[in-house]
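Pasting data-v8.txt here (compact mmCIF, C-alpha atoms):
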```
# COMPACT_ATOMS: atom_id res chain seq x y z
CA MET A 36 96.61 165.91 -161.42
CA LYS A 37 96.75 169.05 -163.56
CA LYS A 38 96.85 171.24 -160.45
CA TYR A 39 99.71 169.13 -159.08
CA LEU A 40 101.70 169.50 -162.30
CA LEU A 41 101.15 173.25 -162.33
CA ALA A 42 102.26 173.48 -158.73
CA SER A 43 105.36 171.43 -159.53
CA VAL A 44 106.24 173.66 -162.48
CA ALA A 45 105.77 176.75 -160.29
CA GLY A 46 108.01 175.23 -157.65
CA VAL A 47 110.74 174.47 -160.17
CA ALA A 48 110.47 178.01 -161.53
CA ALA A 49 110.76 179.42 -158.03
CA MET A 50 113.81 177.28 -157.37
CA ALA A 51 115.36 178.43 -160.64
CA MET A 52 114.74 182.03 -159.74
CA SER A 53 116.21 181.45 -156.30
CA GLY A 54 119.25 179.83 -157.90
CA ALA A 55 119.66 182.84 -160.19
CA ALA A 56 119.54 185.16 -157.21
CA MET A 57 122.13 183.08 -155.41
CA ALA A 58 124.40 183.41 -158.44
CA GLU A 59 124.76 187.09 -157.69
CA ILE A 60 127.39 188.50 -155.34
CA VAL A 61 126.28 191.45 -153.26
CA ILE A 62 128.91 194.07 -152.49
CA ALA A 63 128.55 197.56 -151.09
CA THR A 64 129.94 201.03 -150.75
CA ALA A 65 129.04 203.44 -147.97
CA GLY A 66 129.77 207.05 -147.19
CA PRO A 67 128.14 210.47 -146.91
CA MET A 68 125.50 210.17 -149.61
CA THR A 69 123.61 213.00 -147.94
CA GLY A 70 124.62 215.91 -145.74
CA GLN A 71 127.32 218.52 -146.04
CA TYR A 72 129.92 216.05 -147.29
CA ALA A 73 127.66 214.46 -149.91
CA SER A 74 130.01 215.46 -152.73
CA PHE A 75 132.37 212.77 -151.47
CA GLY A 76 129.53 210.26 -151.38
CA ALA A 77 128.85 211.11 -155.01
CA GLN A 78 132.49 210.42 -155.84
CA MET A 79 132.32 207.02 -154.16
CA LYS A 80 129.01 206.07 -155.75
CA ALA A 81 130.23 207.02 -159.22
CA GLY A 82 133.39 204.96 -158.87
CA ALA A 83 131.56 201.99 -157.37
CA GLU A 84 128.86 201.90 -160.04
CA GLN A 85 131.43 202.07 -162.82
CA ALA A 86 133.54 199.33 -161.28
CA VAL A 87 130.55 197.01 -160.97
CA ALA A 88 129.45 197.74 -164.52
CA ASP A 89 132.93 197.07 -165.92
CA ILE A 90 133.47 193.89 -163.90
CA ASN A 91 130.08 192.51 -164.88
CA ALA A 92 130.68 193.36 -168.54
CA ALA A 93 133.88 191.31 -168.34
CA GLY A 94 132.04 188.28 -166.95
CA GLY A 95 131.73 189.11 -163.27
CA VAL A 96 133.66 187.44 -160.47
CA ASN A 97 134.10 183.70 -160.88
CA GLY A 98 131.20 183.73 -163.34
CA GLU A 99 128.82 185.52 -160.97
CA MET A 100 127.45 189.03 -161.41
CA LEU A 101 127.99 191.76 -158.86
CA VAL A 102 125.10 193.66 -157.31
CA LEU A 103 125.86 196.96 -155.59
CA GLU A 104 124.29 198.21 -152.37
CA VAL A 105 124.86 201.85 -151.38
CA GLY A 106 124.79 202.90 -147.73
CA ASP A 107 124.48 206.45 -146.41
CA ASP A 108 126.28 207.10 -143.13
CA ALA A 109 126.39 210.93 -143.46
CA CYS A 110 129.87 210.67 -141.88
CA ASP A 111 128.20 209.94 -138.55
CA PRO A 112 129.81 207.14 -136.48
CA LYS A 113 126.53 205.80 -135.07
CA GLN A 114 124.87 205.84 -138.47
CA ALA A 115 127.92 204.09 -139.92
CA VAL A 116 127.51 201.21 -137.48
CA ALA A 117 123.82 201.02 -138.37
CA VAL A 118 124.73 200.90 -142.08
CA ALA A 119 127.29 198.17 -141.38
CA ASN A 120 124.64 196.06 -139.67
CA GLN A 121 122.24 196.68 -142.55
CA MET A 122 124.87 195.39 -144.94
CA VAL A 123 125.32 192.29 -142.82
CA GLY A 124 121.58 191.72 -143.23
CA LYS A 125 121.96 192.05 -146.99
CA ASN A 126 124.69 189.38 -146.98
CA VAL A 127 127.31 191.57 -148.61
CA ALA A 128 130.60 189.87 -149.36
CA PHE A 129 132.60 193.08 -149.49
CA MET A 130 132.47 196.72 -148.36
CA ALA A 131 134.25 199.48 -150.29
CA GLY A 132 133.97 202.08 -147.55
CA HIS A 133 133.48 204.08 -145.55
CA PHE A 134 134.67 207.62 -146.33
CA CYS A 135 135.21 209.39 -143.01
CA SER A 136 137.67 207.77 -140.61
CA GLY A 137 135.18 208.35 -137.81
CA SER A 138 132.79 206.09 -139.70
CA SER A 139 135.19 203.46 -141.00
CA ILE A 140 136.77 202.75 -137.63
CA PRO A 141 133.62 201.74 -135.70
CA ALA A 142 132.06 200.08 -138.74
CA SER A 143 135.18 197.95 -139.21
CA GLN A 144 134.38 196.16 -135.95
CA VAL A 145 131.08 194.96 -137.42
CA TYR A 146 132.61 193.80 -140.69
CA ALA A 147 135.44 191.99 -138.90
CA GLU A 148 133.03 190.17 -136.59
CA GLU A 149 130.85 189.12 -139.53
CA GLY A 150 133.66 188.05 -141.85
CA ILE A 151 133.20 190.79 -144.43
CA VAL A 152 136.27 192.16 -146.20
CA GLN A 153 136.49 195.95 -145.98
CA ILE A 154 138.69 198.19 -148.11
CA THR A 155 138.24 201.89 -147.51
CA PRO A 156 139.07 204.18 -150.41
CA ALA A 157 139.41 207.29 -148.26
CA SER A 158 139.81 206.83 -144.49
CA THR A 159 143.31 208.04 -143.60
CA ASN A 160 143.44 207.91 -139.79
CA PRO A 161 146.29 205.55 -138.77
CA LYS A 162 144.12 203.89 -136.12
CA TYR A 163 142.01 202.28 -138.85
CA THR A 164 144.80 199.84 -139.71
CA ASP A 165 147.09 200.20 -136.68
CA GLU A 166 144.28 198.87 -134.49
CA ARG A 167 142.30 196.95 -137.07
CA PRO A 168 139.85 194.47 -135.55
CA GLY A 169 140.54 191.71 -138.04
CA PRO A 170 142.73 190.63 -140.96
CA GLY A 171 140.18 191.68 -143.58
CA THR A 172 140.52 195.43 -142.98
CA TYR A 173 142.43 197.36 -145.66
CA ARG A 174 142.76 200.74 -147.35
CA VAL A 175 143.86 201.84 -150.82
CA CYS A 176 144.46 205.44 -149.71
CA GLY A 177 147.35 206.81 -147.66
CA ARG A 178 147.58 207.64 -143.96
CA ASP A 179 147.46 210.89 -142.00
CA ASP A 180 150.99 210.41 -140.69
CA GLN A 181 152.20 210.25 -144.31
CA GLN A 182 150.14 213.31 -145.20
CA GLY A 183 151.23 215.08 -142.03
CA LYS A 184 154.89 214.48 -142.80
CA VAL A 185 154.57 216.25 -146.15
CA ALA A 186 152.49 219.11 -144.74
CA GLY A 187 154.46 219.56 -141.51
CA THR A 188 157.81 219.59 -143.29
CA THR A 189 156.68 222.21 -145.79
CA LEU A 190 155.12 224.40 -143.10
CA ALA A 191 158.34 224.33 -141.08
CA THR A 192 160.67 225.01 -143.98
CA GLU A 193 158.78 227.12 -146.50
CA PHE A 194 156.71 229.06 -143.98
CA GLY A 195 159.07 228.87 -141.02
CA ASP A 196 159.34 232.64 -140.61
CA GLN A 197 155.58 233.22 -140.58
CA ASN A 198 152.82 232.90 -137.99
CA ILE A 199 151.10 229.55 -138.39
CA ALA A 200 147.82 228.48 -136.78
CA VAL A 201 146.71 224.85 -136.62
CA ILE A 202 143.02 224.09 -136.12
CA HIS A 203 140.85 220.98 -136.36
CA ASP A 204 137.20 219.95 -136.32
CA LYS A 205 137.49 217.38 -133.48
CA THR A 206 136.75 214.43 -135.80
CA ALA A 207 138.95 211.34 -136.08
CA TYR A 208 140.09 212.57 -139.47
CA GLY A 209 140.43 216.28 -138.79
CA LYS A 210 142.15 216.09 -135.41
CA GLY A 211 144.31 213.18 -136.51
CA LEU A 212 145.54 215.06 -139.56
CA ALA A 213 146.11 218.32 -137.68
CA ASP A 214 148.01 216.57 -134.89
CA ALA A 215 150.17 214.58 -137.32
CA THR A 216 151.05 217.75 -139.20
CA LYS A 217 151.70 219.70 -136.00
CA ALA A 218 153.99 216.97 -134.63
CA VAL A 219 156.20 216.98 -137.73
CA MET A 220 156.26 220.78 -137.86
CA ASN A 221 157.19 221.03 -134.18
CA ALA A 222 159.89 218.37 -134.54
CA ALA A 223 161.38 220.46 -137.33
CA GLY A 224 161.65 223.41 -134.93
CA LYS A 225 158.58 225.44 -135.85
CA GLN A 226 155.95 226.20 -133.20
CA GLU A 227 152.43 227.24 -134.05
CA ALA A 228 151.08 230.61 -132.90
CA LEU A 229 147.68 229.10 -132.22
CA TYR A 230 146.23 225.60 -131.86
CA GLU A 231 142.55 225.03 -131.24
CA ALA A 232 139.38 223.22 -132.28
CA TYR A 233 136.32 224.48 -134.11
CA THR A 234 132.81 223.12 -134.49
CA ALA A 235 131.98 221.53 -137.82
CA GLY A 236 128.71 222.38 -139.51
CA GLU A 237 128.54 226.05 -138.58
CA LYS A 238 127.99 228.73 -141.21
CA ASP A 239 129.66 231.66 -139.51
CA TYR A 240 133.30 231.50 -138.42
CA THR A 241 133.64 235.25 -137.95
CA ALA A 242 134.75 234.94 -134.32
CA LEU A 243 137.49 232.46 -135.24
CA VAL A 244 138.58 234.55 -138.21
CA SER A 245 138.72 237.68 -136.04
CA LYS A 246 140.94 235.80 -133.59
CA LEU A 247 143.23 234.69 -136.41
CA LYS A 248 143.41 238.28 -137.61
CA SER A 249 144.28 239.60 -134.15
CA GLU A 250 147.03 236.97 -133.87
CA LYS A 251 148.35 238.08 -137.29
CA VAL A 252 148.18 234.54 -138.64
CA ASP A 253 149.89 234.24 -142.03
CA VAL A 254 149.19 230.55 -142.65
CA LEU A 255 146.18 228.57 -141.43
CA TYR A 256 146.41 224.78 -141.39
CA VAL A 257 142.92 223.22 -141.26
CA GLY A 258 142.40 219.63 -140.17
CA GLY A 259 138.88 219.18 -141.48
CA TYR A 260 136.62 219.19 -144.50
CA HIS A 261 136.06 221.47 -147.47
CA THR A 262 132.79 223.02 -146.33
CA GLU A 263 134.17 224.61 -143.19
CA ALA A 264 137.58 225.35 -144.72
CA GLY A 265 135.90 227.09 -147.65
CA LEU A 266 133.82 229.29 -145.38
CA MET A 267 136.87 230.21 -143.32
CA LYS A 268 138.89 231.12 -146.39
CA ARG A 269 136.11 233.28 -147.80
CA GLN A 270 135.49 234.99 -144.47
CA MET A 271 139.22 235.67 -144.02
CA VAL A 272 139.29 237.42 -147.39
CA ASP A 273 136.14 239.35 -146.41
CA GLN A 274 138.06 240.65 -143.39
CA GLY A 275 140.93 241.79 -145.58
CA MET A 276 143.26 238.92 -144.69
CA ASP A 277 145.66 237.38 -147.20
CA THR A 278 146.27 234.34 -145.01
CA ILE A 279 147.17 231.17 -146.92
CA LEU A 280 144.87 228.25 -146.12
CA VAL A 281 146.55 224.84 -146.11
CA SER A 282 144.73 221.53 -145.65
CA GLY A 283 144.55 217.90 -146.68
CA ASP A 284 142.76 215.52 -148.99
CA ALA A 285 139.25 216.49 -147.82
CA LEU A 286 139.46 219.52 -150.11
CA VAL A 287 139.49 217.40 -153.28
CA THR A 288 136.05 218.42 -154.48
CA ASP A 289 134.91 221.21 -156.79
CA GLU A 290 132.53 222.24 -154.03
CA TYR A 291 135.44 223.92 -152.29
CA TRP A 292 135.64 226.52 -155.04
CA SER A 293 131.85 226.77 -155.13
CA ILE A 294 132.05 227.94 -151.52
CA THR A 295 135.07 230.22 -151.81
CA GLY A 296 134.85 231.58 -155.31
CA PRO A 297 138.00 233.51 -156.30
CA ALA A 298 138.83 233.85 -152.59
CA GLY A 299 139.99 230.23 -152.70
CA ALA A 300 142.90 231.02 -155.01
CA GLY A 301 146.22 230.02 -153.48
CA THR A 302 144.78 227.38 -151.16
CA LEU A 303 147.21 224.49 -150.76
CA MET A 304 146.30 220.87 -150.09
CA THR A 305 147.93 217.46 -149.97
CA PHE A 306 146.58 214.54 -151.99
CA PRO A 307 148.21 211.56 -153.73
CA PRO A 308 149.29 211.86 -157.37
CA ASP A 309 146.12 212.41 -159.42
CA PRO A 310 145.00 208.94 -160.58
CA ARG A 311 143.13 210.47 -163.50
CA ASN A 312 146.54 210.84 -165.18
CA ASN A 313 147.23 207.10 -165.04
CA ALA A 314 147.08 205.27 -168.37
CA GLU A 315 145.29 202.44 -166.56
CA ALA A 316 142.48 204.83 -165.63
CA ALA A 317 141.92 206.42 -169.05
CA ALA A 318 139.01 204.21 -170.12
CA VAL A 319 137.29 204.52 -166.75
CA VAL A 320 137.68 208.30 -166.71
CA ALA A 321 136.25 208.48 -170.24
CA ALA A 322 133.28 206.31 -169.27
CA LEU A 323 132.51 208.40 -166.19
CA GLU A 324 132.79 211.63 -168.12
CA ALA A 325 130.56 210.28 -170.88
CA ALA A 326 127.95 209.44 -168.24
CA GLY A 327 128.23 212.93 -166.75
CA LYS A 328 129.63 211.58 -163.50
CA THR A 329 132.48 212.94 -161.39
CA THR A 330 136.01 211.64 -161.78
CA GLU A 331 137.53 213.79 -159.04
CA GLY A 332 138.79 212.97 -155.59
CA TYR A 333 137.95 209.47 -154.43
CA ALA A 334 135.94 208.20 -157.41
CA LEU A 335 138.87 206.20 -158.79
CA TYR A 336 139.94 205.12 -155.30
CA THR A 337 136.53 203.54 -154.80
CA TYR A 338 136.77 201.93 -158.23
CA ALA A 339 140.18 200.55 -157.26
CA ALA A 340 138.92 199.17 -153.94
CA ILE A 341 136.28 197.11 -155.75
CA GLN A 342 138.67 196.22 -158.55
CA THR A 343 141.23 194.93 -156.04
CA TRP A 344 138.73 192.84 -154.12
CA ALA A 345 137.34 191.37 -157.37
CA LYS A 346 140.82 190.40 -158.54
CA ALA A 347 141.57 188.80 -155.18
CA ALA A 348 138.30 186.87 -155.21
CA SER A 349 139.03 185.70 -158.76
CA ALA A 350 142.54 184.62 -157.76
CA ALA A 351 141.09 182.75 -154.79
CA GLY A 352 138.32 181.24 -156.89
CA SER A 353 135.96 182.15 -154.06
CA THR A 354 134.42 185.01 -152.11
CA ASP A 355 135.12 183.19 -148.85
CA TYR A 356 136.53 185.67 -146.32
CA ASP A 357 139.65 183.71 -145.36
CA GLU A 358 140.53 182.84 -148.95
CA VAL A 359 140.09 186.40 -150.19
CA VAL A 360 142.13 187.76 -147.26
CA ASP A 361 144.91 185.33 -148.11
CA ALA A 362 144.84 186.49 -151.74
CA LEU A 363 144.88 190.15 -150.70
CA ASN A 364 147.80 189.61 -148.35
CA ASN A 365 149.92 187.80 -150.90
CA GLY A 366 148.98 189.34 -154.21
CA LYS A 367 149.86 192.31 -156.38
CA PHE A 368 146.98 193.91 -158.23
CA ASP A 369 146.88 196.03 -161.36
CA THR A 370 144.33 198.79 -160.78
CA VAL A 371 143.36 202.25 -161.99
CA LEU A 372 145.69 203.56 -159.27
CA GLY A 373 148.58 201.49 -160.60
CA GLU A 374 149.97 198.24 -159.23
CA LEU A 375 149.30 197.87 -155.53
CA SER A 376 149.76 195.45 -152.68
CA PHE A 377 149.18 195.53 -148.92
CA ASP A 378 151.52 195.32 -145.95
CA GLU A 379 150.95 193.35 -142.77
CA LYS A 380 148.67 196.08 -141.38
CA GLY A 381 146.50 196.35 -144.48
CA ASP A 382 148.07 199.61 -145.66
CA VAL A 383 148.64 200.07 -149.37
CA SER A 384 151.96 200.26 -151.22
CA LEU A 385 151.02 203.22 -153.44
CA PRO A 386 152.94 206.53 -153.59
CA GLY A 387 152.29 209.06 -150.85
CA TYR A 388 151.20 212.69 -150.97
CA VAL A 389 152.08 215.67 -153.13
CA TRP A 390 151.04 219.32 -153.15
CA TYR A 391 148.14 220.84 -155.06
CA GLU A 392 147.06 224.45 -155.38
CA TRP A 393 143.58 225.80 -156.00
CA LYS A 394 143.24 228.46 -158.70
CA ASP A 395 140.82 229.38 -161.49
CA GLY A 396 138.13 227.07 -160.16
CA SER A 397 140.08 223.82 -159.91
CA TYR A 398 143.03 222.15 -158.22
CA GLY A 399 146.27 221.21 -159.94
CA TYR A 400 149.82 220.26 -159.06
CA ARG A 401 151.65 223.04 -157.30
```

Just dump the structure as structure tokens.
Amino acid sequence: MKKYLLASVAGVAAMAMSGAAMAEIVIATAGPMTGQYASFGAQMKAGAEQAVADINAAGGVNGEMLVLEVGDDACDPKQAVAVANQMVGKNVAFMAGHFCSGSSIPASQVYAEEGIVQITPASTNPKYTDERPGPGTYRVCGRDDQQGKVAGTTLATEFGDQNIAVIHDKTAYGKGLADATKAVMNAAGKQEALYEAYTAGEKDYTALVSKLKSEKVDVLYVGGYHTEAGLMKRQMVDQGMDTILVSGDALVTDEYWSITGPAGAGTLMTFPPDPRNNAEAAAVVAALEAAGKTTEGYALYTYAAIQTWAKAASAAGSTDYDEVVDALNNGKFDTVLGELSFDEKGDVSLPGYVWYEWKDGSYGYR
């Protein structure tokens, strides 16, 4: 009899523990936590961890605590799909990711099929929402055609009398951004002196730089990431070139200056208005800084992605896919990025892109 009672008590305890586990909501973020773009993964992880901590401190979502899973896709499309399937196995209700468009696009198919809401903080390729596989696919960042309009217009007007080269790294993000910029520039009457692709991940771009020098390129537009752009800029300066490097939002990391050093001065890039200046973000920025974590780039965008989903789930009173999607489609959400909403494609209503310039080790408004 005593053994039976003990067994019963153990069973009740196990059930209680199981109930406690079920009272948690698992969400995730995924991006390049390792590899050459890991600085962006660090931005995402910092923002995601702070968002979860703040939401839980305020009582969670519908009375349930959030638990964060972090996936590493290294900006590799195949690895991104593997991460997406891993998250399905972990029963995540929401994905704040991925970072690279080449990862978010194939991963979105998995999330759509499994009824998992996905809000990317950083993937800007238009295809992500233009061809989204389901209604639960969103982004809180802008699009490459928006970014390309700003860049292409400036290249055609401000640098219209100079030799411009446009290059890209063959990725969904890099090529998409370069082509969007080129299209706007060409439509404005300016033709590039050179258009070609380069291979990401190399350490020596001397041959490319020598070609740019022989073509007397004054302005180099790079559709790609900070690691390769930084090497190119430094190697151009090493060859005595004063060519201006222009690029997009993938240069929003202090690592760019770590690669270029003073050679990076004068580099121009497009990125939305810095969310760290928003009054709504002040407390989050202070908390991240106090913890010694990054606030740059896409940290606050990842925070906002989670914040938006949590507000939608609270408004819906549920984490059910259809109910949260309905809330996201019809709501307006106060976030660290400001008030936002989504259009019929899942694109965000936030302001577009502005110009920044690198100098003295950091980027600031031009």

Spatial neighbours of Lys380 of chain A, max dist 12 Å, all atoms listed in the file, sep filter under 3 positions, as a ChimeraX atom specification: /A:161-174,178,363-364,376-377,383-384

List as an MDAnalysis selection string the protein and nucleic acid residues near segment 182-185 of chain A, meaning an atom at most 8 Å away when only C-alpha atoms are counted, but skip any in the same chain fewer than 5 places from it. chainID A and resid 177 212:217 219 283 305:306 387:389

Which residue of A:Ala157, A:Ala325, A:Ala348, A:Val254 approaches Ala285 of chain A most closely, using all atoms listed in the file: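 Nearest to Ala285 of chain A: A:Ala157.
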
Could you make a table, as a tab-separated table, of the residues of segment 185-247 of chain A that have an atom within 12 Å of an atom of segment 71-84 of chain A, each with its nearest atom pair and distance in Å to one decimal, counting only C-alpha atoms, in chain and number order?
```
residue	atom	partner	partner_atom	distance
A:Ala235	CA	A:Gln71	CA	9.9
A:Gly236	CA	A:Gln71	CA	7.7
A:Glu237	CA	A:Gln71	CA	10.7
A:Lys238	CA	A:Gln71	CA	11.3
```

When you draw a straight line from atom CA of Glu99 of chain A to atom CA of Asp355 of chain A, how long is it in Å?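 Here the two named atoms are 13.9 Å from each other.
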
From the list A:Gly366, A:Gly259, A:Pro310, A:Gly299, which residue is nearest Ile279 of chain A when using all atoms listed in the file?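 Nearest candidate to Ile279 of chain A out of A:Gly366, A:Gly259, A:Pro310, A:Gly299: A:Gly299.
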